[in-house]
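**Q** Just one file: model.cif, with mmCIF, C-alpha atoms and all ligand atoms.
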```
data_upload
#
loop_
_atom_site.label_atom_id
_atom_site.label_comp_id
_atom_site.auth_asym_id
_atom_site.auth_seq_id
_atom_site.Cartn_x
_atom_site.Cartn_y
_atom_site.Cartn_z
CA MET D 53 49.17 -28.40 -57.07
CA ASP D 54 45.86 -28.88 -58.86
CA ASN D 55 43.91 -26.11 -57.12
CA MET D 56 46.65 -23.56 -57.82
CA ILE D 57 45.41 -19.95 -57.88
CA PRO D 58 47.10 -18.21 -60.85
CA GLN D 59 48.33 -14.62 -60.66
CA ALA D 60 46.14 -13.65 -63.64
CA ASN D 61 43.31 -15.62 -65.23
CA PRO D 62 41.93 -14.40 -68.57
CA GLY D 63 40.13 -17.74 -69.06
CA ALA D 64 38.06 -17.10 -65.91
CA GLY D 65 37.27 -13.65 -67.32
CA TYR D 66 35.89 -15.24 -70.48
CA ARG D 67 33.89 -17.92 -68.64
CA ALA D 68 32.32 -15.32 -66.32
CA ARG D 69 30.68 -13.64 -69.33
CA LYS D 70 30.67 -16.51 -71.81
CA ALA D 71 27.08 -16.11 -73.04
CA GLU D 72 27.43 -12.38 -73.75
CA ILE D 73 30.85 -12.74 -75.35
CA ASP D 74 29.82 -15.71 -77.49
CA ALA D 75 26.76 -13.79 -78.71
CA ALA D 76 28.93 -10.78 -79.57
CA VAL D 77 31.42 -12.95 -81.46
CA ALA D 78 28.60 -14.70 -83.37
CA ARG D 79 27.16 -11.31 -84.32
CA ALA D 80 30.53 -10.15 -85.66
CA LEU D 81 31.08 -13.42 -87.56
CA ASP D 82 27.60 -13.30 -89.11
CA SER D 83 28.05 -9.70 -90.24
CA GLY D 84 30.42 -10.76 -93.00
CA TRP D 85 32.67 -7.71 -92.34
CA TYR D 86 35.82 -8.32 -90.28
CA ILE D 87 38.03 -5.22 -90.22
CA LEU D 88 37.03 -1.58 -89.48
CA GLY D 89 33.27 -1.99 -89.63
CA GLN D 90 30.16 -1.49 -87.52
CA GLU D 91 31.52 -3.12 -84.33
CA GLY D 92 34.73 -1.11 -84.34
CA ARG D 93 32.94 2.18 -84.98
CA ALA D 94 30.39 1.44 -82.26
CA PHE D 95 33.12 0.48 -79.78
CA GLU D 96 35.08 3.66 -80.52
CA ALA D 97 31.96 5.76 -79.87
CA GLU D 98 31.04 3.83 -76.70
CA PHE D 99 34.60 4.01 -75.36
CA ALA D 100 34.86 7.78 -76.02
CA ALA D 101 31.50 8.34 -74.28
CA TRP D 102 32.54 6.16 -71.33
CA LEU D 103 35.84 8.02 -70.97
CA GLY D 104 34.21 11.40 -71.42
CA THR D 105 36.40 12.55 -74.28
CA ALA D 106 35.64 13.60 -77.85
CA ARG D 107 37.33 10.92 -79.90
CA ALA D 108 38.68 7.39 -79.58
CA VAL D 109 40.54 5.68 -82.43
CA SER D 110 41.08 1.93 -82.16
CA CYS D 111 44.21 0.13 -83.32
CA GLY D 112 45.99 -3.22 -83.16
CA ASN D 113 47.54 -3.08 -79.67
CA GLY D 114 48.70 -0.75 -76.91
CA THR D 115 52.25 -0.44 -78.26
CA ASP D 116 50.88 0.80 -81.59
CA ALA D 117 48.54 3.17 -79.74
CA LEU D 118 51.62 4.86 -78.24
CA GLN D 119 53.48 4.84 -81.56
CA LEU D 120 50.46 6.29 -83.39
CA ALA D 121 49.96 8.99 -80.72
CA LEU D 122 53.59 10.09 -81.11
CA ARG D 123 53.44 10.04 -84.91
CA GLY D 124 50.12 11.87 -84.87
CA LEU D 125 51.78 14.60 -82.80
CA GLY D 126 54.62 14.81 -85.32
CA ILE D 127 57.13 13.43 -82.84
CA GLY D 128 59.78 11.21 -84.42
CA ALA D 129 63.39 11.50 -85.56
CA GLY D 130 65.02 14.58 -84.06
CA SER D 131 62.87 14.51 -80.92
CA ALA D 132 63.34 12.93 -77.52
CA VAL D 133 60.54 11.53 -75.36
CA ALA D 134 60.82 11.16 -71.58
CA THR D 135 59.24 8.28 -69.71
CA VAL D 136 60.02 5.72 -67.01
CA SER D 137 62.22 2.63 -67.12
CA HIS D 138 59.91 0.82 -64.64
CA THR D 139 57.21 -0.06 -67.20
CA ALA D 140 56.28 -2.61 -69.82
CA VAL D 141 59.04 -2.50 -72.43
CA ALA D 142 56.25 -1.56 -74.86
CA THR D 143 56.30 2.07 -73.66
CA VAL D 144 59.92 2.49 -74.68
CA ALA D 145 59.66 0.30 -77.81
CA ALA D 146 56.88 2.59 -79.09
CA ILE D 147 59.09 5.68 -78.75
CA GLU D 148 61.76 4.07 -80.92
CA MET D 149 59.15 2.72 -83.37
CA ALA D 150 58.08 6.35 -83.92
CA GLY D 151 61.74 7.20 -84.63
CA ALA D 152 62.24 9.26 -81.46
CA THR D 153 64.90 8.91 -78.75
CA PRO D 154 63.82 7.75 -75.27
CA VAL D 155 65.14 9.30 -72.06
CA LEU D 156 64.32 7.12 -69.07
CA LEU D 157 63.56 8.69 -65.71
CA ASP D 158 63.32 7.36 -62.19
CA ILE D 159 60.16 6.64 -60.21
CA ASP D 160 58.74 7.75 -56.91
CA PRO D 161 59.35 4.56 -54.87
CA ALA D 162 56.02 4.79 -53.01
CA THR D 163 53.74 4.82 -56.07
CA TYR D 164 56.14 3.35 -58.69
CA THR D 165 55.20 6.19 -61.06
CA LEU D 166 57.23 8.91 -62.81
CA ASP D 167 59.11 11.16 -60.34
CA PRO D 168 58.19 14.81 -61.10
CA ALA D 169 61.59 15.97 -59.83
CA GLU D 170 63.20 13.97 -62.62
CA VAL D 171 60.83 15.46 -65.20
CA GLU D 172 61.71 18.96 -64.04
CA ALA D 173 65.44 18.19 -64.04
CA VAL D 174 65.57 16.92 -67.64
CA LEU D 175 63.19 19.55 -69.02
CA ALA D 176 65.07 22.41 -67.31
CA HIS D 177 68.53 20.98 -68.08
CA PRO D 178 68.29 18.60 -71.07
CA PRO D 179 71.03 15.95 -71.06
CA ALA D 180 73.89 16.75 -73.47
CA GLY D 181 73.63 15.22 -76.92
CA LEU D 182 69.91 14.54 -76.63
CA PRO D 183 67.46 16.02 -79.17
CA PRO D 184 64.81 18.35 -77.69
CA ILE D 185 62.37 16.59 -75.33
CA ARG D 186 59.02 17.12 -77.04
CA ALA D 187 56.82 14.76 -75.04
CA VAL D 188 56.51 13.08 -71.65
CA ILE D 189 54.74 9.71 -71.41
CA ALA D 190 53.30 9.31 -67.90
CA VAL D 191 52.59 5.64 -67.19
CA HIS D 192 49.74 5.05 -64.74
CA LEU D 193 51.37 1.88 -63.48
CA TYR D 194 49.52 -0.94 -61.72
CA GLY D 195 46.21 0.97 -62.07
CA GLN D 196 47.26 4.10 -60.19
CA ALA D 197 47.63 7.67 -61.46
CA ALA D 198 51.07 9.13 -62.00
CA ASP D 199 51.57 12.50 -60.26
CA LEU D 200 49.92 14.58 -62.99
CA ASP D 201 49.27 17.45 -60.54
CA ALA D 202 53.02 18.07 -60.65
CA ILE D 203 53.86 16.71 -64.12
CA ALA D 204 51.19 18.46 -66.23
CA PRO D 205 52.28 22.01 -65.23
CA LEU D 206 55.92 21.09 -65.92
CA CYS D 207 55.00 19.88 -69.41
CA ALA D 208 53.06 23.09 -70.03
CA ARG D 209 55.92 25.27 -68.74
CA TYR D 210 58.57 23.61 -70.92
CA GLY D 211 56.42 22.98 -74.02
CA ALA D 212 56.40 19.18 -73.88
CA VAL D 213 53.24 17.26 -74.81
CA LEU D 214 51.79 15.10 -72.01
CA ILE D 215 50.85 11.59 -73.19
CA GLU D 216 49.11 9.20 -70.78
CA ASP D 217 49.94 5.49 -70.96
CA CYS D 218 46.66 4.10 -69.60
CA ALA D 219 47.36 0.47 -70.55
CA GLN D 220 47.00 -0.56 -66.87
CA ALA D 221 44.50 2.09 -65.78
CA HIS D 222 41.12 1.69 -67.52
CA GLY D 223 38.62 3.39 -65.19
CA ALA D 224 41.20 4.84 -62.78
CA ALA D 225 40.76 8.49 -61.82
CA LEU D 226 42.46 11.48 -60.20
CA HIS D 227 40.37 14.14 -58.41
CA GLY D 228 37.26 12.50 -59.82
CA ARG D 229 38.44 12.74 -63.44
CA ARG D 230 39.14 9.61 -65.47
CA LEU D 231 42.73 8.98 -66.45
CA GLY D 232 43.01 9.34 -70.19
CA MET D 233 41.56 12.83 -70.40
CA LEU D 234 44.18 14.68 -68.36
CA GLY D 235 46.87 14.95 -71.04
CA GLU D 236 46.82 15.82 -74.75
CA ILE D 237 46.33 12.19 -75.79
CA ALA D 238 45.99 8.82 -74.05
CA CYS D 239 46.81 5.26 -75.05
CA PHE D 240 45.10 2.07 -73.91
CA SER D 241 45.86 -1.64 -74.41
CA PHE D 242 43.25 -4.39 -74.46
CA TYR D 243 45.71 -7.26 -73.99
CA PRO D 244 43.67 -10.11 -72.41
CA THR D 245 44.88 -9.58 -68.81
CA LYS D 246 44.31 -5.79 -68.71
CA ASN D 247 41.39 -4.40 -66.68
CA LEU D 248 39.48 -4.17 -69.98
CA GLY D 249 40.78 -7.08 -72.05
CA ALA D 250 40.04 -8.53 -75.47
CA LEU D 251 40.50 -12.19 -76.43
CA GLY D 252 43.49 -11.23 -78.52
CA ASP D 253 45.30 -7.94 -79.15
CA GLY D 254 43.74 -4.50 -79.24
CA GLY D 255 44.51 -0.86 -78.49
CA MET D 256 42.94 2.61 -78.40
CA VAL D 257 44.08 6.21 -78.71
CA ALA D 258 41.82 8.80 -77.06
CA THR D 259 41.95 12.57 -77.38
CA ALA D 260 39.75 15.65 -77.12
CA ASN D 261 41.54 17.08 -80.18
CA PRO D 262 39.59 16.06 -83.33
CA ALA D 263 42.37 17.03 -85.77
CA LEU D 264 44.81 14.81 -83.86
CA ALA D 265 42.28 11.95 -83.83
CA ASP D 266 41.88 12.27 -87.62
CA GLU D 267 45.65 12.15 -88.03
CA VAL D 268 45.89 8.99 -85.91
CA ALA D 269 42.98 7.38 -87.80
CA ALA D 270 44.80 7.95 -91.09
CA LEU D 271 48.15 6.77 -89.74
CA ARG D 272 46.72 3.46 -88.49
CA GLN D 273 45.80 2.48 -92.08
CA TYR D 274 48.57 3.32 -94.56
CA GLY D 275 48.09 7.08 -94.12
CA TRP D 276 44.72 6.94 -95.85
CA ARG D 277 42.23 9.78 -95.37
CA GLU D 278 40.24 8.24 -98.23
CA HIS D 279 40.59 4.70 -99.51
CA TYR D 280 43.70 3.90 -101.53
CA VAL D 281 45.16 7.43 -101.18
CA SER D 282 48.16 7.59 -98.84
CA ASP D 283 48.42 11.24 -97.76
CA MET D 284 51.28 10.34 -95.48
CA VAL D 285 53.32 7.27 -94.65
CA GLY D 286 51.26 5.25 -92.21
CA ILE D 287 51.30 1.77 -90.75
CA ASN D 288 48.75 -1.02 -90.58
CA SER D 289 47.36 -1.34 -87.07
CA ARG D 290 43.63 -2.05 -86.95
CA LEU D 291 41.31 -3.50 -84.31
CA ASP D 292 39.38 -6.39 -85.83
CA GLU D 293 35.61 -6.69 -85.57
CA LEU D 294 35.71 -9.80 -83.36
CA GLN D 295 37.81 -8.04 -80.71
CA ALA D 296 35.67 -4.89 -80.97
CA ALA D 297 32.53 -6.98 -80.38
CA VAL D 298 34.12 -8.70 -77.36
CA LEU D 299 35.20 -5.34 -75.92
CA ARG D 300 31.69 -3.89 -76.43
CA ALA D 301 30.31 -6.80 -74.41
CA ARG D 302 32.82 -6.16 -71.63
CA LEU D 303 32.90 -2.37 -71.33
CA PRO D 304 29.57 -2.16 -69.43
CA HIS D 305 31.05 -4.46 -66.73
CA LEU D 306 34.33 -2.59 -66.29
CA GLU D 307 33.27 -0.48 -63.30
CA ALA D 308 31.93 -3.51 -61.40
CA ASP D 309 35.09 -5.48 -62.28
CA ASN D 310 37.25 -2.62 -60.99
CA ASP D 311 35.16 -2.44 -57.79
CA ARG D 312 35.83 -6.15 -57.27
CA ARG D 313 39.59 -5.60 -57.74
CA ILE D 314 39.44 -2.77 -55.16
CA ALA D 315 37.59 -5.01 -52.69
CA ILE D 316 40.19 -7.77 -53.14
CA ALA D 317 42.94 -5.18 -52.55
CA ALA D 318 41.23 -4.12 -49.31
CA ALA D 319 41.18 -7.75 -48.14
CA TYR D 320 44.92 -8.07 -48.88
CA ASP D 321 45.58 -4.79 -47.04
CA ALA D 322 43.76 -6.13 -43.97
CA ALA D 323 45.80 -9.35 -44.08
CA LEU D 324 49.08 -7.38 -44.18
CA ALA D 325 48.10 -4.95 -41.39
CA GLY D 326 50.48 -5.14 -38.44
CA GLY D 327 52.90 -7.40 -40.33
CA PRO D 328 56.30 -6.59 -41.80
CA LEU D 329 55.09 -5.94 -45.37
CA ALA D 330 53.51 -2.61 -46.28
CA PRO D 331 50.38 -2.59 -48.43
CA PRO D 332 50.69 -0.59 -51.67
CA ALA D 333 50.51 3.20 -51.25
CA ARG D 334 47.42 4.97 -52.59
CA ARG D 335 47.60 8.44 -54.05
CA PRO D 336 45.08 10.63 -52.16
CA ASP D 337 41.83 11.61 -53.94
CA ALA D 338 42.42 9.03 -56.65
CA ARG D 339 40.75 5.80 -57.80
CA HIS D 340 43.40 3.05 -57.95
CA VAL D 341 41.95 0.20 -60.05
CA PHE D 342 44.54 -2.41 -59.07
CA HIS D 343 45.62 -3.81 -62.39
CA GLN D 344 48.25 -5.28 -60.08
CA TYR D 345 48.47 -5.52 -56.28
CA VAL D 346 52.20 -5.15 -55.62
CA VAL D 347 54.13 -5.62 -52.39
CA ARG D 348 57.87 -5.30 -51.78
CA VAL D 349 59.70 -8.24 -50.32
CA PRO D 350 63.41 -8.33 -49.52
CA ASP D 351 63.65 -12.07 -50.22
CA ARG D 352 61.42 -12.43 -53.25
CA ALA D 353 62.44 -15.92 -54.27
CA ALA D 354 61.61 -17.25 -50.80
CA CYS D 355 58.23 -15.48 -50.78
CA GLN D 356 57.32 -16.83 -54.21
CA ALA D 357 58.29 -20.33 -53.11
CA ALA D 358 56.26 -20.02 -49.87
CA LEU D 359 53.21 -18.87 -51.84
CA ARG D 360 53.67 -21.60 -54.44
CA ALA D 361 53.83 -24.21 -51.69
CA GLN D 362 50.37 -23.00 -50.60
CA GLY D 363 49.02 -23.15 -54.16
CA ILE D 364 49.24 -19.43 -54.86
CA GLY D 365 50.78 -17.98 -57.99
CA SER D 366 52.58 -14.63 -58.11
CA GLY D 367 54.25 -12.49 -60.74
CA ILE D 368 56.95 -9.84 -61.14
CA HIS D 369 56.17 -6.57 -62.91
CA TYR D 370 58.90 -6.02 -63.92
CA PRO D 371 62.03 -8.03 -63.05
CA VAL D 372 64.41 -6.09 -65.31
CA PRO D 373 64.03 -2.32 -65.91
CA VAL D 374 64.03 -1.34 -69.58
CA HIS D 375 67.45 0.38 -69.37
CA LEU D 376 69.03 -2.89 -68.16
CA GLN D 377 67.44 -5.10 -70.85
CA PRO D 378 69.96 -6.48 -73.36
CA ALA D 379 68.41 -4.53 -76.26
CA TYR D 380 68.63 -1.16 -74.46
CA ARG D 381 71.47 -1.48 -71.98
CA GLY D 382 74.28 1.03 -72.42
CA ARG D 383 72.58 3.01 -75.16
CA VAL D 384 69.64 4.81 -73.54
CA THR D 385 69.94 8.15 -71.77
CA LEU D 386 68.90 8.17 -68.11
CA GLY D 387 67.70 10.98 -65.84
CA PRO D 388 69.91 12.45 -63.09
CA ALA D 389 68.80 9.89 -60.45
CA ARG D 390 70.23 7.15 -62.72
CA CYS D 391 67.08 5.05 -62.12
CA ARG D 392 68.30 3.97 -58.69
CA ALA D 393 64.77 3.72 -57.21
CA THR D 394 63.72 1.79 -60.32
CA GLU D 395 66.53 -0.75 -59.92
CA ALA D 396 65.75 -1.19 -56.21
CA ALA D 397 62.05 -1.74 -56.94
CA ALA D 398 62.78 -4.25 -59.71
CA ARG D 399 64.63 -6.43 -57.20
CA GLU D 400 61.76 -6.53 -54.68
CA VAL D 401 58.35 -6.10 -56.32
CA LEU D 402 55.94 -9.02 -56.17
CA SER D 403 52.46 -9.07 -57.76
CA LEU D 404 49.80 -11.12 -55.97
CA PRO D 405 46.85 -12.81 -57.70
CA MET D 406 44.51 -10.09 -58.96
CA TYR D 407 41.48 -10.57 -61.22
CA PRO D 408 37.78 -9.95 -60.59
CA GLU D 409 36.81 -13.64 -60.77
CA LEU D 410 38.81 -14.61 -57.66
CA THR D 411 36.26 -16.14 -55.28
CA ASP D 412 35.89 -14.99 -51.67
CA ALA D 413 37.26 -18.38 -50.57
CA GLU D 414 40.34 -17.92 -52.76
CA VAL D 415 40.85 -14.37 -51.46
CA ALA D 416 40.63 -15.71 -47.90
CA ARG D 417 43.20 -18.43 -48.72
CA ILE D 418 45.56 -15.81 -50.18
CA ALA D 419 45.00 -13.50 -47.19
CA THR D 420 45.98 -16.28 -44.78
CA ALA D 421 49.15 -16.94 -46.76
CA LEU D 422 50.00 -13.22 -46.84
CA GLY D 423 50.00 -13.14 -43.05
CA THR D 424 52.97 -15.53 -43.09
CA LEU D 425 55.13 -13.56 -45.57
CA ARG D 426 58.09 -11.45 -44.57
C1 LIG D 501 50.41 -3.72 -71.79
C2 LIG D 501 51.13 -2.40 -71.78
C3 LIG D 501 51.48 -1.74 -72.97
C4 LIG D 501 51.42 -2.37 -74.33
O1 LIG D 501 50.24 -2.91 -74.72
P1 LIG D 501 50.21 -4.11 -75.80
O2 LIG D 501 48.75 -4.15 -76.13
O3 LIG D 501 50.72 -5.33 -75.13
O4 LIG D 501 51.01 -3.69 -76.97
C5 LIG D 501 52.04 -0.48 -72.87
N1 LIG D 501 52.26 0.10 -71.68
C6 LIG D 501 51.96 -0.52 -70.52
C7 LIG D 501 52.22 0.19 -69.23
C8 LIG D 501 51.40 -1.80 -70.53
O5 LIG D 501 51.12 -2.40 -69.37
#
```
Can I see the file as structure tokens?

**A**
Amino acid sequence: MDNMIPQANPGAGYRARKAEIDAAVARALDSGWYILGQEGRAFEAEFAAWLGTARAVSCGNGTDALQLALRGLGIGAGSAVATVSHTAVATVAAIEMAGATPVLLDIDPATYTLDPAEVEAVLAHPPAGLPPIRAVIAVHLYGQAADLDAIAPLCARYGAVLIEDCAQAHGAALHGRRLGMLGEIACFSFYPTKNLGALGDGGMVATANPALADEVAALRQYGWREHYVSDMVGINSRLDELQAAVLRARLPHLEADNDRRIAIAAAYDAALAGGPLAPPARRPDARHVFHQYVVRVPDRAACQAALRAQGIGSGIHYPVPVHLQPAYRGRVTLGPARCRATEAAAREVLSLPMYPELTDAEVARIATALGTLR
């Protein structure tokens, strides 16, 4: 179908701000400096100010942001890190890249985020054979806060560091506070389809702890505190000046873009009202920024086909939980609930088209189609 509405549309995001982005790219090209320069430093300062935290350190992508956060905290071989299996595989890959051992916990089926009961169970009674659990990565999935009201005190009580995976939650909040300043350190991705996206890869680590920020800044470039002197063994993971310039052009529009996502979500909610499918649950007193709008459908293949027949794309985030992926299956430790809610969700979740550039006419077309789903 030629007027197919895709599930995500980074090209539309570029075209909507083409003049500003092109000017930013030209500025970066003309500067003659392409890695760790003026644009990157300015973006780090602007991002930290926007978030309301002390320091932001840019890097190559969101996976590296998580790896660098763990390494900066001194968490590697001989430590375990707890997180969810219902996430981008990146969250778990980063734990192993840092040298640590993942333990994968189940989700609360209503919000698809880390179940605090699981966190308490593994921190109070660590699974046999597992190294000490030194950190918990809470993933704010689909743009909605994980239950930090319950998880943060558990981390404090058991001496585990709380890391926020904010890759899907730029601008989301809990009790009026932005996600990314509620734990010890937070990690963002600027993959093109994220709420704040580059035109390539990018990532950011944010923390109120300046010593930790300095550590991460050294680790992202060969462990250098000064040029050509490796104080520690680092990696190479830098945000380039072109992407930093693009992200500087986009950051001022993030709130309006998130408002548009929220308005589209409200239109989808209205279309589902009274029908068999429940709209996504919202955590009270929180700003859900709808990186994805996700419904649960018992017959997903039929729903996707029905949408496709009406020219509407859809996606699945994620079809296979990390612990069932070929690379992880049979060798990762699970929490006591054995990820049963995760496996059930993976069979039924369906992501509808969601990006700020959807037109009102397209939203209306999708809403009409939603009324026919079951
Ligand atoms: C996108 C994403 C990442 C990884 O980011 P990349 O920039 O693709 O490396 C990590 N965690 C979550 C939850 C994500 O959605």

**Q** Enclose all atoms of segment 364-370 of chain D listed in the file in an axis-aligned box, grow every side by 3 Å, and hand back centre and edge lengths in Å to one decimal, as lines of an AutoDock Vina configuration file.

**A**
```
center_x = 54.1
center_y = -12.7
center_z = -59.4
size_x = 15.7
size_y = 19.4
size_z = 15.1
```

**Q** Would you pick out the contacts of segment 414-418 of chain D at 12 Å or less, using all atoms listed in the file, so that residues sharing its chain but fewer than 4 positions from it are not included, and give the list as an MDAnalysis selection string?

**A** chainID D and resid 55:59 312:313 315:324 358:366 404:410 422:425

**Q** If the limit is 7 Å from any atom of ligand LIG 501 (chain D), counting all atoms listed in the file, which residues qualify? Return them as a tab-separated table (two decimals) with C-alpha atoms, in the coordinates of the input.

**A**
```tsv
chain	number	residue	atom	x	y	z
D	113	ASN	CA	47.54	-3.08	-79.67
D	114	GLY	CA	48.70	-0.75	-76.91
D	115	THR	CA	52.25	-0.44	-78.26
D	116	ASP	CA	50.88	0.80	-81.59
D	139	THR	CA	57.21	-0.06	-67.20
D	140	ALA	CA	56.28	-2.61	-69.82
D	142	ALA	CA	56.25	-1.56	-74.86
D	143	THR	CA	56.30	2.07	-73.66
D	191	VAL	CA	52.59	5.64	-67.19
D	193	LEU	CA	51.37	1.88	-63.48
D	217	ASP	CA	49.94	5.49	-70.96
D	218	CYS	CA	46.66	4.10	-69.60
D	219	ALA	CA	47.36	0.47	-70.55
D	220	GLN	CA	47.00	-0.56	-66.87
D	241	SER	CA	45.86	-1.64	-74.41
D	242	PHE	CA	43.25	-4.39	-74.46
D	243	TYR	CA	45.71	-7.26	-73.99
D	253	ASP	CA	45.30	-7.94	-79.15
D	254	GLY	CA	43.74	-4.50	-79.24
D	255	GLY	CA	44.51	-0.86	-78.49
```

**Q** Find the distance between atom CA of Val341 of chain D and atom CA of Leu226 of chain D and write it in Å to one decimal.

**A** 11.3 Å

**Q** When distances are computed from all atoms listed in the file, which of D:Asn247, D:Leu294, D:Thr420, D:Tyr370 shows the smallest separation from Gly84 of chain D?

**A** D:Leu294

**Q** Just give me the residues with any atom within 10 Å of (57.6, 9.1, -62.8), file coordinates, counting all atoms listed in the file, written as a PyMOL selection string.

**A** chain D and resi 134-138+156-161+163-171+188-193+198-200+203+394

**Q** Which residue is closest to Ser131 of chain D? Choose from D:Asp412, D:Glu148, D:Asp337, D:Glu236 and count all atoms listed in the file.

**A**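 Using all atoms listed in the file, the shortest distance to Ser131 of chain D belongs to D:Glu148.
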
**Q** Under the rule that only C-alpha atoms are counted, which of D:Met149, D:Ala100, D:Ile185, D:Ile73 is the nearest residue to Ile287 of chain D?

**A**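 For Ile287 of chain D, the nearest of the given residues is D:Met149.
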
**Q** Using all atoms listed in the file, which protein or nucleic acid residues come within 8 Å of Val268 of chain D? Drop anything in the same chain fewer than 4 positions from it, and give the result as a list of chain:residue names.

**A** D:Val109, D:Leu120, D:Ala121, D:Arg123, D:Gly124, D:Val257, D:Leu264, D:Arg272

**Q** Could you write out the selected residues, including C-alpha atoms, as a PDB file, keeping the file's coordinate frame?

**A**
```pdb
ATOM      1  CA  VAL D 109      40.540   5.680 -82.430  1.00  0.00           C
ATOM      2  CA  LEU D 120      50.460   6.290 -83.390  1.00  0.00           C
ATOM      3  CA  ALA D 121      49.960   8.990 -80.720  1.00  0.00           C
ATOM      4  CA  ARG D 123      53.440  10.040 -84.910  1.00  0.00           C
ATOM      5  CA  GLY D 124      50.120  11.870 -84.870  1.00  0.00           C
ATOM      6  CA  VAL D 257      44.080   6.210 -78.710  1.00  0.00           C
ATOM      7  CA  LEU D 264      44.810  14.810 -83.860  1.00  0.00           C
ATOM      8  CA  ARG D 272      46.720   3.460 -88.490  1.00  0.00           C
TER       9      ARG D 272
END
```

**Q** Could you list, as a PyMOL selection string, every residue within 9 Å of Glu98 of chain D, counting all atoms listed in the file and ignoring same-chain residues fewer than 6 positions away?

**A** chain D and resi 108+300+303

**Q** Can you save segment 367-372 of chain D of the given block to a file, including all heavy atoms and formatted as a CSV table (one decimal), in the first residue's frame?

**A**
```csv
chain,number,residue,atom,x,y,z
D,367,GLY,N,4.6,-2.8,15.3
D,367,GLY,CA,5.9,-3.4,15.7
D,367,GLY,C,5.7,-4.2,17.0
D,367,GLY,O,4.7,-4.2,17.6
D,368,ILE,N,6.8,-4.9,17.3
D,368,ILE,CA,6.7,-5.8,18.5
D,368,ILE,C,8.0,-5.5,19.3
D,368,ILE,O,9.1,-5.7,18.9
D,368,ILE,CB,6.7,-7.3,18.1
D,368,ILE,CG1,5.4,-7.6,17.3
D,368,ILE,CG2,6.6,-8.1,19.4
D,368,ILE,CD1,5.4,-9.0,16.7
D,369,HIS,N,7.8,-5.0,20.5
D,369,HIS,CA,8.9,-4.6,21.4
D,369,HIS,C,8.6,-5.3,22.8
D,369,HIS,O,7.9,-4.8,23.6
D,369,HIS,CB,9.0,-3.1,21.6
D,369,HIS,CG,9.1,-2.4,20.3
D,369,HIS,ND1,8.1,-1.9,19.6
D,369,HIS,CD2,10.2,-2.1,19.6
D,369,HIS,CE1,8.5,-1.3,18.5
D,369,HIS,NE2,9.8,-1.5,18.5
D,370,TYR,N,9.1,-6.5,23.0
D,370,TYR,CA,10.1,-7.3,22.1
D,370,TYR,C,9.5,-8.7,21.9
D,370,TYR,O,9.0,-9.2,22.9
D,370,TYR,CB,11.5,-7.3,22.7
D,370,TYR,CG,12.0,-5.8,22.8
D,370,TYR,CD1,11.7,-5.1,24.0
D,370,TYR,CD2,12.7,-5.3,21.8
D,370,TYR,CE1,12.2,-3.8,24.0
D,370,TYR,CE2,13.2,-4.0,21.8
D,370,TYR,CZ,12.9,-3.2,23.0
D,370,TYR,OH,13.3,-1.9,23.0
D,371,PRO,N,9.7,-9.3,20.8
D,371,PRO,CA,9.1,-10.6,20.5
D,371,PRO,C,9.7,-11.7,21.3
D,371,PRO,O,9.0,-12.7,21.7
D,371,PRO,CB,9.3,-10.8,19.0
D,371,PRO,CG,10.4,-9.9,18.6
D,371,PRO,CD,10.4,-8.7,19.6
D,372,VAL,N,11.0,-11.6,21.6
D,372,VAL,CA,11.7,-12.7,22.4
D,372,VAL,C,12.4,-12.1,23.6
D,372,VAL,O,13.3,-11.2,23.4
D,372,VAL,CB,12.7,-13.4,21.5
D,372,VAL,CG1,13.4,-14.6,22.3
D,372,VAL,CG2,12.0,-14.0,20.2
```
